[in-house]
$ cat start.pdb   # PDB, C-alpha atoms and all ligand atoms
ATOM      1  CA  MET I   1      91.809 154.285 -21.016
ATOM      2  CA  SER I   2      93.439 156.777 -23.331
ATOM      3  CA  VAL I   3      93.914 155.837 -26.937
ATOM      4  CA  SER I   4      97.574 156.824 -26.864
ATOM      5  CA  ARG I   5      98.189 154.001 -24.400
ATOM      6  CA  LEU I   6      97.039 151.384 -26.865
ATOM      7  CA  SER I   7     100.034 149.611 -28.341
ATOM      8  CA  PRO I   8     100.175 149.332 -32.127
ATOM      9  CA  SER I   9      99.688 145.815 -33.386
ATOM     10  CA  VAL I  10      98.969 144.089 -36.640
ATOM     11  CA  SER I  11      96.454 141.289 -37.273
ATOM     12  CA  ARG I  12      93.099 141.494 -35.414
ATOM     13  CA  PRO I  13      94.205 144.106 -32.874
ATOM     14  CA  HIS I  14      90.812 144.031 -31.158
ATOM     15  CA  GLU I  15      91.626 140.589 -29.820
ATOM     16  CA  GLU I  16      95.107 141.466 -28.639
ATOM     17  CA  GLN I  17      94.563 144.659 -26.678
ATOM     18  CA  ALA I  18      93.567 144.723 -23.033
ATOM     19  CA  SER I  19      89.794 144.304 -22.904
ATOM     20  CA  PRO I  20      87.780 147.258 -21.612
ATOM     21  CA  ALA I  21      84.715 146.310 -19.613
ATOM     22  CA  VAL I  22      81.870 146.769 -22.058
ATOM     23  CA  GLN I  23      82.732 144.502 -24.971
ATOM     24  CA  SER I  24      79.989 142.606 -26.754
ATOM     25  CA  ARG I  25      79.878 139.743 -29.250
ATOM     26  CA  ILE I  26      77.394 139.768 -32.129
ATOM     27  CA  GLY I  27      76.215 136.612 -33.860
ATOM     28  CA  ILE I  28      74.300 136.780 -37.140
ATOM     29  CA  ARG I  29      72.953 133.316 -37.800
ATOM     30  CA  ASP I  30      71.477 132.305 -41.175
ATOM     31  CA  VAL I  31      69.503 135.543 -41.304
ATOM     32  CA  THR I  32      67.046 136.208 -44.107
ATOM     33  CA  LEU I  33      64.548 139.032 -44.458
ATOM     34  CA  SER I  34      61.704 139.322 -46.914
ATOM     35  CA  TYR I  35      59.118 142.014 -47.508
ATOM     36  CA  GLY I  36      56.163 140.044 -48.840
ATOM     37  CA  ALA I  37      57.419 137.886 -51.685
ATOM     38  CA  LEU I  38      60.563 139.984 -52.104
ATOM     39  CA  GLN I  39      63.647 138.599 -50.393
ATOM     40  CA  ILE I  40      65.931 141.468 -49.340
ATOM     41  CA  ILE I  41      68.478 139.538 -47.255
ATOM     42  CA  GLY I  42      69.310 135.997 -48.286
ATOM     43  CA  GLY I  43      71.094 133.930 -45.654
ATOM     44  CA  ILE I  44      73.765 135.978 -43.873
ATOM     45  CA  SER I  45      75.924 134.432 -41.151
ATOM     46  CA  LEU I  46      78.682 136.376 -39.428
ATOM     47  CA  ASP I  47      80.330 136.482 -36.003
ATOM     48  CA  ILE I  48      81.630 139.842 -34.854
ATOM     49  CA  ALA I  49      84.180 139.660 -32.053
ATOM     50  CA  PRO I  50      83.958 141.813 -28.910
ATOM     51  CA  GLY I  51      85.525 145.195 -29.590
ATOM     52  CA  GLU I  52      85.862 144.515 -33.294
ATOM     53  CA  THR I  53      85.001 147.076 -35.967
ATOM     54  CA  VAL I  54      83.414 145.624 -39.094
ATOM     55  CA  SER I  55      82.901 147.838 -42.127
ATOM     56  CA  ILE I  56      80.088 146.918 -44.492
ATOM     57  CA  ILE I  57      80.229 147.916 -48.125
ATOM     58  CA  GLY I  58      78.160 146.954 -51.141
ATOM     59  CA  PRO I  59      76.140 148.418 -53.993
ATOM     60  CA  SER I  60      73.096 150.570 -53.342
ATOM     61  CA  GLY I  61      70.073 148.497 -52.391
ATOM     62  CA  CYS I  62      72.018 145.366 -51.345
ATOM     63  CA  GLY I  63      70.595 145.541 -47.820
ATOM     64  CA  LYS I  64      73.258 147.311 -45.725
ATOM     65  CA  THR I  65      70.775 149.506 -43.846
ATOM     66  CA  THR I  66      68.360 146.598 -43.488
ATOM     67  CA  LEU I  67      71.091 144.488 -41.891
ATOM     68  CA  LEU I  68      71.966 147.317 -39.501
ATOM     69  CA  ARG I  69      68.302 147.757 -38.579
ATOM     70  CA  MET I  70      68.101 144.074 -37.730
ATOM     71  CA  LEU I  71      71.234 144.360 -35.554
ATOM     72  CA  ALA I  72      69.572 147.307 -33.765
ATOM     73  CA  GLY I  73      66.382 145.315 -33.186
ATOM     74  CA  LEU I  74      64.425 147.730 -35.412
ATOM     75  CA  ALA I  75      63.591 145.003 -37.961
ATOM     76  CA  ARG I  76      63.044 141.302 -37.382
ATOM     77  CA  PRO I  77      64.698 138.602 -39.495
ATOM     78  CA  THR I  78      62.197 136.486 -41.387
ATOM     79  CA  THR I  79      64.298 133.428 -40.583
ATOM     80  CA  GLY I  80      67.477 132.986 -38.562
ATOM     81  CA  GLU I  81      68.473 135.116 -35.601
ATOM     82  CA  ILE I  82      70.719 137.877 -34.343
ATOM     83  CA  VAL I  83      72.388 137.115 -31.031
ATOM     84  CA  LEU I  84      74.022 139.663 -28.745
ATOM     85  CA  ASP I  85      76.186 138.146 -26.019
ATOM     86  CA  GLY I  86      74.266 134.898 -26.317
ATOM     87  CA  GLN I  87      70.815 136.534 -26.130
ATOM     88  CA  PRO I  88      68.555 136.753 -29.201
ATOM     89  CA  VAL I  89      67.884 140.364 -30.219
ATOM     90  CA  SER I  90      64.108 140.861 -30.130
ATOM     91  CA  GLY I  91      63.856 144.670 -30.094
ATOM     92  CA  PRO I  92      65.788 147.887 -29.505
ATOM     93  CA  SER I  93      68.071 147.905 -26.482
ATOM     94  CA  ARG I  94      69.973 150.650 -24.688
ATOM     95  CA  SER I  95      73.199 148.690 -25.083
ATOM     96  CA  VAL I  96      72.974 149.116 -28.859
ATOM     97  CA  ALA I  97      73.206 152.639 -30.330
ATOM     98  CA  ILE I  98      72.634 153.547 -33.948
ATOM     99  CA  VAL I  99      73.832 156.686 -35.728
ATOM    100  CA  PHE I 100      72.048 157.545 -38.962
ATOM    101  CA  GLN I 101      73.269 159.709 -41.795
ATOM    102  CA  ASP I 102      70.284 161.980 -41.357
ATOM    103  CA  TYR I 103      71.440 163.740 -38.192
ATOM    104  CA  GLY I 104      68.851 166.493 -38.635
ATOM    105  CA  LYS I 105      66.045 164.071 -37.858
ATOM    106  CA  ALA I 106      67.880 162.309 -35.024
ATOM    107  CA  LEU I 107      68.251 165.370 -32.772
ATOM    108  CA  LEU I 108      65.469 167.069 -30.831
ATOM    109  CA  PRO I 109      65.288 170.642 -32.199
ATOM    110  CA  TRP I 110      63.772 172.080 -28.997
ATOM    111  CA  ARG I 111      66.652 170.844 -26.853
ATOM    112  CA  THR I 112      70.107 172.421 -26.684
ATOM    113  CA  ALA I 113      73.259 170.386 -27.382
ATOM    114  CA  ALA I 114      73.536 169.672 -23.642
ATOM    115  CA  GLY I 115      69.815 168.833 -23.531
ATOM    116  CA  ASN I 116      70.131 166.367 -26.394
ATOM    117  CA  VAL I 117      72.972 164.535 -24.653
ATOM    118  CA  SER I 118      71.016 164.642 -21.403
ATOM    119  CA  LEU I 119      68.179 162.783 -23.108
ATOM    120  CA  ALA I 120      70.262 159.604 -23.342
ATOM    121  CA  LEU I 121      71.331 159.961 -19.715
ATOM    122  CA  GLU I 122      67.712 160.400 -18.614
ATOM    123  CA  ALA I 123      66.745 157.328 -20.639
ATOM    124  CA  ARG I 124      69.290 155.176 -18.859
ATOM    125  CA  GLY I 125      68.211 156.460 -15.449
ATOM    126  CA  CYS I 126      71.339 158.472 -14.702
ATOM    127  CA  PRO I 127      70.702 160.589 -11.540
ATOM    128  CA  ALA I 128      70.150 164.317 -12.292
ATOM    129  CA  ARG I 129      73.059 165.439 -10.093
ATOM    130  CA  GLU I 130      75.528 163.325 -12.113
ATOM    131  CA  ARG I 131      74.364 164.491 -15.535
ATOM    132  CA  PRO I 132      76.077 167.921 -15.845
ATOM    133  CA  GLU I 133      79.575 166.492 -15.397
ATOM    134  CA  ILE I 134      78.991 163.626 -17.838
ATOM    135  CA  ILE I 135      77.524 166.046 -20.404
ATOM    136  CA  ARG I 136      80.517 168.369 -19.974
ATOM    137  CA  ASP I 137      82.954 165.462 -20.496
ATOM    138  CA  LEU I 138      81.160 164.137 -23.565
ATOM    139  CA  LEU I 139      80.830 167.536 -25.227
ATOM    140  CA  ALA I 140      84.532 168.158 -24.557
ATOM    141  CA  LYS I 141      85.451 164.808 -26.123
ATOM    142  CA  ILE I 142      83.739 165.697 -29.371
ATOM    143  CA  GLY I 143      84.896 169.325 -29.365
ATOM    144  CA  LEU I 144      81.552 170.986 -28.597
ATOM    145  CA  SER I 145      82.293 172.402 -25.130
ATOM    146  CA  ARG I 146      81.647 175.958 -26.275
ATOM    147  CA  HIS I 147      78.354 175.050 -27.932
ATOM    148  CA  ALA I 148      76.506 173.361 -25.054
ATOM    149  CA  ASP I 149      73.710 175.927 -25.073
ATOM    150  CA  LYS I 150      73.162 175.995 -28.816
ATOM    151  CA  TYR I 151      70.153 174.430 -30.481
ATOM    152  CA  PRO I 152      70.689 171.996 -33.393
ATOM    153  CA  SER I 153      69.450 174.627 -35.869
ATOM    154  CA  GLU I 154      72.300 176.900 -34.740
ATOM    155  CA  MET I 155      74.933 174.238 -35.454
ATOM    156  CA  SER I 156      76.693 173.139 -38.660
ATOM    157  CA  GLY I 157      76.134 169.675 -40.148
ATOM    158  CA  GLY I 158      79.438 168.430 -38.716
ATOM    159  CA  MET I 159      78.570 169.762 -35.263
ATOM    160  CA  GLN I 160      75.126 168.150 -35.368
ATOM    161  CA  GLN I 161      76.645 164.831 -36.368
ATOM    162  CA  ARG I 162      79.193 165.052 -33.539
ATOM    163  CA  LEU I 163      76.315 165.803 -31.196
ATOM    164  CA  GLN I 164      74.455 162.736 -32.394
ATOM    165  CA  ILE I 165      77.570 160.673 -31.709
ATOM    166  CA  ALA I 166      77.933 162.216 -28.226
ATOM    167  CA  ARG I 167      74.323 161.347 -27.487
ATOM    168  CA  CYS I 168      74.906 157.762 -28.560
ATOM    169  CA  LEU I 169      77.982 157.564 -26.357
ATOM    170  CA  ALA I 170      75.988 158.918 -23.392
ATOM    171  CA  GLN I 171      73.942 155.771 -23.807
ATOM    172  CA  GLU I 172      77.167 153.849 -22.982
ATOM    173  CA  PRO I 173      76.456 151.376 -25.768
ATOM    174  CA  LYS I 174      78.206 148.056 -26.014
ATOM    175  CA  VAL I 175      77.500 148.103 -29.720
ATOM    176  CA  LEU I 176      77.731 151.138 -31.992
ATOM    177  CA  LEU I 177      75.972 150.855 -35.351
ATOM    178  CA  MET I 178      76.736 153.560 -37.890
ATOM    179  CA  ASP I 179      74.875 153.971 -41.170
ATOM    180  CA  GLU I 180      76.945 156.195 -43.468
ATOM    181  CA  PRO I 181      77.184 158.713 -40.654
ATOM    182  CA  PHE I 182      79.715 160.977 -42.356
ATOM    183  CA  GLY I 183      78.367 160.807 -45.901
ATOM    184  CA  ALA I 184      77.198 164.413 -46.023
ATOM    185  CA  LEU I 185      80.265 165.984 -44.412
ATOM    186  CA  ASP I 186      83.293 167.701 -45.930
ATOM    187  CA  ALA I 187      86.547 165.713 -46.131
ATOM    188  CA  MET I 188      88.306 167.334 -43.158
ATOM    189  CA  THR I 189      85.342 167.004 -40.809
ATOM    190  CA  ARG I 190      84.859 163.454 -41.989
ATOM    191  CA  GLN I 191      88.448 162.480 -41.210
ATOM    192  CA  ALA I 192      88.327 164.172 -37.808
ATOM    193  CA  LEU I 193      85.162 162.271 -36.920
ATOM    194  CA  GLN I 194      86.627 158.981 -38.169
ATOM    195  CA  ASP I 195      89.476 159.468 -35.696
ATOM    196  CA  GLU I 196      87.119 160.473 -32.902
ATOM    197  CA  VAL I 197      84.999 157.375 -33.404
ATOM    198  CA  LEU I 198      88.066 155.123 -33.517
ATOM    199  CA  ALA I 199      89.461 156.706 -30.361
ATOM    200  CA  LEU I 200      86.169 156.381 -28.545
ATOM    201  CA  THR I 201      85.564 152.747 -29.515
ATOM    202  CA  ALA I 202      89.166 151.904 -28.549
ATOM    203  CA  ALA I 203      88.663 153.608 -25.195
ATOM    204  CA  THR I 204      85.288 152.027 -24.416
ATOM    205  CA  GLY I 205      85.743 148.657 -26.136
ATOM    206  CA  ALA I 206      82.460 149.061 -28.011
ATOM    207  CA  THR I 207      81.892 146.708 -30.928
ATOM    208  CA  MET I 208      81.186 148.683 -34.089
ATOM    209  CA  VAL I 209      79.463 147.943 -37.386
ATOM    210  CA  PHE I 210      80.023 150.756 -39.871
ATOM    211  CA  VAL I 211      78.171 151.011 -43.187
ATOM    212  CA  THR I 212      79.819 153.146 -45.832
ATOM    213  CA  HIS I 213      80.001 153.627 -49.594
ATOM    214  CA  ASP I 214      83.555 154.918 -49.238
ATOM    215  CA  LEU I 215      86.161 152.149 -49.714
ATOM    216  CA  GLU I 216      88.922 154.151 -48.039
ATOM    217  CA  GLU I 217      86.734 154.841 -45.026
ATOM    218  CA  ALA I 218      85.872 151.135 -44.809
ATOM    219  CA  ILE I 219      89.568 150.206 -44.762
ATOM    220  CA  TYR I 220      90.628 153.025 -42.443
ATOM    221  CA  LEU I 221      88.065 152.139 -39.781
ATOM    222  CA  GLY I 222      87.707 148.401 -40.137
ATOM    223  CA  ASP I 223      89.318 145.344 -38.593
ATOM    224  CA  ARG I 224      87.401 143.467 -41.288
ATOM    225  CA  ILE I 225      85.402 144.502 -44.317
ATOM    226  CA  VAL I 226      82.274 142.628 -45.286
ATOM    227  CA  CYS I 227      81.346 143.049 -48.934
ATOM    228  CA  LEU I 228      77.648 142.465 -49.579
ATOM    229  CA  GLN I 229      76.203 141.435 -52.913
ATOM    230  CA  PRO I 230      72.628 142.260 -53.950
ATOM    231  CA  ASN I 231      69.444 140.415 -54.915
ATOM    232  CA  PRO I 232      69.131 139.142 -52.274
ATOM    233  CA  GLY I 233      71.725 140.729 -49.975
ATOM    234  CA  ARG I 234      74.408 138.220 -49.025
ATOM    235  CA  ILE I 235      78.083 138.163 -48.130
ATOM    236  CA  GLY I 236      80.304 138.151 -51.214
ATOM    237  CA  ARG I 237      83.633 138.383 -49.474
ATOM    238  CA  ILE I 238      85.181 139.146 -46.108
ATOM    239  CA  VAL I 239      88.517 140.959 -46.093
ATOM    240  CA  ASP I 240      90.862 141.187 -43.077
ATOM    241  CA  VAL I 241      92.451 144.598 -42.580
ATOM    242  CA  ARG I 242      95.937 143.975 -41.253
ATOM    243  CA  LEU I 243      96.952 147.562 -40.650
ATOM    244  CA  PRO I 244      98.627 148.820 -37.464
ATOM    245  CA  LYS I 245      96.607 150.603 -34.800
ATOM    246  CA  PRO I 246      96.061 153.299 -33.827
ATOM    247  CA  ARG I 247      95.301 154.352 -37.389
ATOM    248  CA  ASP I 248      96.739 157.601 -38.707
ATOM    249  CA  GLN I 249      95.174 159.665 -41.482
ATOM    250  CA  LEU I 250      98.497 160.081 -43.317
ATOM    251  CA  LEU I 251     100.568 157.014 -42.423
ATOM    252  CA  THR I 252      97.741 154.487 -42.665
ATOM    253  CA  ARG I 253      96.562 155.778 -46.030
ATOM    254  CA  GLU I 254     100.130 155.623 -47.392
ATOM    255  CA  ASP I 255     100.728 152.094 -46.115
ATOM    256  CA  PRO I 256     101.258 149.646 -49.043
ATOM    257  CA  GLU I 257      98.730 147.305 -47.417
ATOM    258  CA  PHE I 258      96.133 150.090 -47.464
ATOM    259  CA  LEU I 259      96.789 150.705 -51.155
ATOM    260  CA  ARG I 260      96.620 146.973 -51.909
ATOM    261  CA  LEU I 261      93.299 146.647 -50.092
ATOM    262  CA  ARG I 262      91.914 149.674 -51.886
ATOM    263  CA  ARG I 263      92.844 148.184 -55.263
ATOM    264  CA  ASP I 264      91.373 144.747 -54.329
ATOM    265  CA  LEU I 265      88.110 146.237 -53.102
ATOM    266  CA  TYR I 266      87.847 148.545 -56.067
ATOM    267  CA  ASP I 267      88.221 145.577 -58.440
ATOM    268  CA  LEU I 268      85.646 143.639 -56.451
ATOM    269  CA  ILE I 269      83.081 146.447 -56.510
ATOM    270  CA  LYS I 270      83.737 147.052 -60.214
ATOM    271  CA  ASP I 271      83.095 143.349 -60.935
ATOM    272  CA  ASP I 272      79.815 143.543 -58.956
ATOM    273  CA  HIS I 273      78.657 146.402 -61.151
ATOM    274  CA  GLN I 274      79.416 144.602 -64.435
TER     275      GLN I 274
HETATM  276  N1  LIG P   1      60.159 148.703 -45.655
HETATM  277  C1  LIG P   1      60.518 148.216 -46.860
HETATM  278  N2  LIG P   1      59.606 147.635 -47.666
HETATM  279  C2  LIG P   1      59.966 147.122 -48.872
HETATM  280  N3  LIG P   1      61.212 147.142 -49.371
HETATM  281  C3  LIG P   1      62.155 147.722 -48.607
HETATM  282  C4  LIG P   1      61.870 148.287 -47.330
HETATM  283  N4  LIG P   1      63.037 148.773 -46.797
HETATM  284  C5  LIG P   1      63.990 148.538 -47.725
HETATM  285  N5  LIG P   1      63.470 147.916 -48.796
HETATM  286  C6  LIG P   1      64.204 147.472 -49.992
HETATM  287  O1  LIG P   1      65.244 146.633 -49.518
HETATM  288  C7  LIG P   1      66.392 146.783 -50.324
HETATM  289  C8  LIG P   1      67.596 147.053 -49.446
HETATM  290  O2  LIG P   1      67.452 148.352 -48.881
HETATM  291  P1  LIG P   1      68.585 148.963 -47.954
HETATM  292  O3  LIG P   1      68.164 150.352 -47.601
HETATM  293  O4  LIG P   1      68.858 148.022 -46.839
HETATM  294  O5  LIG P   1      69.827 148.977 -48.954
HETATM  295  P2  LIG P   1      71.224 149.688 -48.802
HETATM  296  O6  LIG P   1      72.255 148.706 -49.203
HETATM  297  O7  LIG P   1      71.361 150.276 -47.424
HETATM  298  O8  LIG P   1      71.097 150.840 -49.876
HETATM  299  P3  LIG P   1      71.828 152.263 -49.982
HETATM  300  O9  LIG P   1      73.303 151.965 -50.129
HETATM  301  O10 LIG P   1      71.253 152.885 -51.215
HETATM  302  O11 LIG P   1      71.509 153.027 -48.724
HETATM  303  C9  LIG P   1      66.102 147.886 -51.318
HETATM  304  O12 LIG P   1      65.742 147.295 -52.545
HETATM  305  C10 LIG P   1      64.914 148.596 -50.719
HETATM  306  O13 LIG P   1      64.109 149.153 -51.706
END
$ encode --input "start.pdb" --output "structure tokens"
Amino acid sequence: MSVSRLSPSVSRPHEEQASPAVQSRIGIRDVTLSYGALQIIGGISLDIAPGETVSIIGPSGCGKTTLLRMLAGLARPTTGEIVLDGQPVSGPSRSVAIVFQDYGKALLPWRTAAGNVSLALEARGCPARERPEIIRDLLAKIGLSRHADKYPSEMSGGMQQRLQIARCLAQEPKVLLMDEPFGALDAMTRQALQDEVLALTAATGATMVFVTHDLEEAIYLGDRIVCLQPNPGRIGRIVDVRLPKPRDQLLTREDPEFLRLRRDLYDLIKDDHQ
């Protein structure tokens, strides 16, 4: 499905568009996490609808990464459970992909761009004869067609991050978890990648949880924004983003609703820091 075929809609567009095949529902049920006596996450419950994008914001140390790691099956809740399509998450799964900010560490330096994407295909048992075409398509989608034979060290930060995203997409994840993936990139690259990720999740129907410190990014990408509060990490507020889709870097950011949300969230974050 091409993104341009998606009709613009307002409230909760993810529930109104035609459903692509791979959508997944996430349930976070009374989840706590403690390291020894220190409680990091204190009782979070949240349902994330199939195909929905939820942005997570909150002050440093409030547990955003920890929550994402639990969703990915990389950390276990101390109490409560995470449920993916009705099944408790008990460890990492190929249907859940995670993109970290630190793209340098996520890529294999001894493999080319094509080789790094191939890794995900190999892991999901994709036959060797089918891989070249899929790799070509994915690299084209993220604008790296001409760089297939380059090694990560020969690529810019933005290119490496796009490659990490392509590798995650090769996994054909039902759930895409992103932990400040664009934090280290310049503004133009960041906006281009925001649009690429939105287009790709719209096309595949993947459910996305996106952690960011950037309020505008949270609004631009999200169907909802979850604001976490610290000590221990818990949900302070959930904000619906009723902005038309597909989003547009100029029109969306000029929309009065966007500006209202930005002001609201700014006030909220400011209050949390006082
Ligand atoms: N393995 C660990 N052992 C002990 N404490 C930990 C561990 N991992 C994280 N923490 C603590 O848990 C808290 C939440 O960390 P987390 O990285 O989830 O926060 P965050 O909201 O993602 O922060 P930031 O915005 O700075 O990335 C922090 O106080 C951190 O020091």
$ axis_aligned_box --input "start.pdb" --around "ligand LIG 1 (chain P)" --padding-each-side "5 Å" --output "AutoDock Vina command-line options"
--center_x 66.5 --center_y 149.8 --center_z -49.1 --size_x 23.7 --size_y 16.4 --size_z 16.9
$ resolve_selection --input "start.pdb" --expression "the PyMOL selection byres (((chain I and resi 269) around 12) and not hetatm)" --output "list in words"
Ile57, Gly58, Pro59, Ser60, His213, Asp214, Leu215, Val226, Cys227, Leu228, Gln229, Pro230, Gly236, Arg237, Arg262, Arg263, Asp264, Leu265, Tyr266, Asp267, Leu268, Lys270, Asp271, Asp272, His273 and Gln274 of chain I
$ atom_distance --input "start.pdb" --atom1 "atom CA of I:Ala75" --atom2 "atom CA of I:Gln23"
23.1 Å
$ resolve_selection --input "start.pdb" --expression "the PyMOL selection byres (((not hetatm)) within 9 of (chain P and resi 1))" --output "PyMOL selection string"
chain I and resi 34-36+38-41+57-69+179-180+211-213+228+230-233
$ write_last_selection --input "start.pdb" --atoms "C-alpha atoms" --output "tab-separated table (two decimals), in the frame of the given file"
chain	number	residue	atom	x	y	z
I	34	SER	CA	61.70	139.32	-46.91
I	35	TYR	CA	59.12	142.01	-47.51
I	36	GLY	CA	56.16	140.04	-48.84
I	38	LEU	CA	60.56	139.98	-52.10
I	39	GLN	CA	63.65	138.60	-50.39
I	40	ILE	CA	65.93	141.47	-49.34
I	41	ILE	CA	68.48	139.54	-47.26
I	57	ILE	CA	80.23	147.92	-48.12
I	58	GLY	CA	78.16	146.95	-51.14
I	59	PRO	CA	76.14	148.42	-53.99
I	60	SER	CA	73.10	150.57	-53.34
I	61	GLY	CA	70.07	148.50	-52.39
I	62	CYS	CA	72.02	145.37	-51.34
I	63	GLY	CA	70.60	145.54	-47.82
I	64	LYS	CA	73.26	147.31	-45.72
I	65	THR	CA	70.78	149.51	-43.85
I	66	THR	CA	68.36	146.60	-43.49
I	67	LEU	CA	71.09	144.49	-41.89
I	68	LEU	CA	71.97	147.32	-39.50
I	69	ARG	CA	68.30	147.76	-38.58
I	179	ASP	CA	74.88	153.97	-41.17
I	180	GLU	CA	76.94	156.20	-43.47
I	211	VAL	CA	78.17	151.01	-43.19
I	212	THR	CA	79.82	153.15	-45.83
I	213	HIS	CA	80.00	153.63	-49.59
I	228	LEU	CA	77.65	142.46	-49.58
I	230	PRO	CA	72.63	142.26	-53.95
I	231	ASN	CA	69.44	140.42	-54.92
I	232	PRO	CA	69.13	139.14	-52.27
I	233	GLY	CA	71.72	140.73	-49.98
$ atom_distance --input "start.pdb" --atom1 "atom CA of I:Ala170" --atom2 "atom CA of I:Pro77"
28.3 Å
$ resolve_selection --input "start.pdb" --expression "the PyMOL selection byres (((chain I and resi 163) around 8) and not hetatm)" --output "ChimeraX atom specification"
/I:113,116-117,139,142,144,159-162,164-167
$ atom_distance --input "start.pdb" --atom1 "atom CA of I:Tyr103" --atom2 "atom CA of I:Cys168"
11.9 Å
$ closest_residue --input "start.pdb" --among "I:Ile56, I:Ile26, I:Met155, I:Leu193" --to "I:Gly86" --atoms "all atoms listed in the file"
I:Ile26
$ closest_residue --input "start.pdb" --among "I:Gln171, I:Glu154, I:Thr189, I:Ile82" --to "I:Glu122" --atoms "only C-alpha atoms"
I:Gln171
$ residues_around --input "start.pdb" --residues "I:Thr201" --least-positions-apart "6" --cutoff "10 Å" --atoms "all atoms listed in the file" --output "list in words"
Val3, Pro20, Gln23, Gly51, Glu52, Thr53, Leu169, Pro173, Lys174, Val175, Leu176, Asp195, Thr207 and Met208 of chain I
$ write_last_selection --input "start.pdb" --atoms "C-alpha atoms" --output "mmCIF file, in the coordinates of the input"
data_model
loop_
_atom_site.group_PDB
_atom_site.id
_atom_site.type_symbol
_atom_site.label_atom_id
_atom_site.label_comp_id
_atom_site.auth_asym_id
_atom_site.auth_seq_id
_atom_site.Cartn_x
_atom_site.Cartn_y
_atom_site.Cartn_z
ATOM 1 C CA VAL I 3 93.914 155.837 -26.937
ATOM 2 C CA PRO I 20 87.780 147.258 -21.612
ATOM 3 C CA GLN I 23 82.732 144.502 -24.971
ATOM 4 C CA GLY I 51 85.525 145.195 -29.590
ATOM 5 C CA GLU I 52 85.862 144.515 -33.294
ATOM 6 C CA THR I 53 85.001 147.076 -35.967
ATOM 7 C CA LEU I 169 77.982 157.564 -26.357
ATOM 8 C CA PRO I 173 76.456 151.376 -25.768
ATOM 9 C CA LYS I 174 78.206 148.056 -26.014
ATOM 10 C CA VAL I 175 77.500 148.103 -29.720
ATOM 11 C CA LEU I 176 77.731 151.138 -31.992
ATOM 12 C CA ASP I 195 89.476 159.468 -35.696
ATOM 13 C CA THR I 207 81.892 146.708 -30.928
ATOM 14 C CA MET I 208 81.186 148.683 -34.089
#
$ residues_near_point --input "start.pdb" --point "(79.6, 174.2, -25.1)" --cutoff "10 Å" --atoms "all atoms listed in the file" --output "list of chain:residue names"
I:Thr112, I:Ala113, I:Ala114, I:Ile135, I:Arg136, I:Leu139, I:Ala140, I:Gly143, I:Leu144, I:Ser145, I:Arg146, I:His147, I:Ala148, I:Asp149, I:Lys150
$ residues_around --input "start.pdb" --residues "I:Asp85" --least-positions-apart "6" --cutoff "9 Å" --atoms "only C-alpha atoms" --output "PDB file with C-alpha atoms, keeping the file's coordinate frame"
ATOM      1  CA  SER I  24      79.989 142.606 -26.754  1.00  0.00           C
ATOM      2  CA  ARG I  25      79.878 139.743 -29.250  1.00  0.00           C
ATOM      3  CA  ILE I  26      77.394 139.768 -32.129  1.00  0.00           C
ATOM      4  CA  GLY I  27      76.215 136.612 -33.860  1.00  0.00           C
TER       5      GLY I  27
END
$ closest_residue --input "start.pdb" --among "I:Ala72, I:Gly125, I:Leu250, I:Pro152" --to "I:Ala106" --atoms "all atoms listed in the file"
I:Pro152
$ closest_residue --input "start.pdb" --among "I:Ile134, I:Ile44, I:Val54, I:Val197" --to "I:Ile219" --atoms "all atoms listed in the file"
I:Val54
$ decode --input "start.pdb" --residues "stretch 207-216 of chain I" --atoms "N, CA and C atoms" --output "compact mmCIF listing (two decimals), in the first residue's frame"
# COMPACT_ATOMS: atom_id res chain seq x y z
N THR I 207 2.72 -1.39 14.54
CA THR I 207 2.44 -0.59 15.74
C THR I 207 3.77 -0.01 16.21
N MET I 208 3.76 1.28 16.58
CA MET I 208 5.05 1.89 16.91
C MET I 208 5.00 2.57 18.28
N VAL I 209 6.06 2.38 19.04
CA VAL I 209 6.25 3.13 20.29
C VAL I 209 7.56 3.90 20.12
N PHE I 210 7.47 5.23 20.27
CA PHE I 210 8.58 6.10 19.90
C PHE I 210 8.96 6.96 21.09
N VAL I 211 10.14 6.74 21.64
CA VAL I 211 10.63 7.54 22.77
C VAL I 211 11.40 8.74 22.24
N THR I 212 11.08 9.91 22.75
CA THR I 212 11.81 11.10 22.32
C THR I 212 11.81 12.16 23.42
N HIS I 213 12.85 13.01 23.39
CA HIS I 213 12.87 14.17 24.29
C HIS I 213 12.25 15.39 23.61
N ASP I 214 12.00 15.25 22.31
CA ASP I 214 11.60 16.39 21.49
C ASP I 214 10.07 16.45 21.41
N LEU I 215 9.48 17.47 22.03
CA LEU I 215 8.00 17.56 22.08
C LEU I 215 7.40 17.61 20.68
N GLU I 216 8.03 18.38 19.79
CA GLU I 216 7.48 18.51 18.44
C GLU I 216 7.52 17.17 17.70
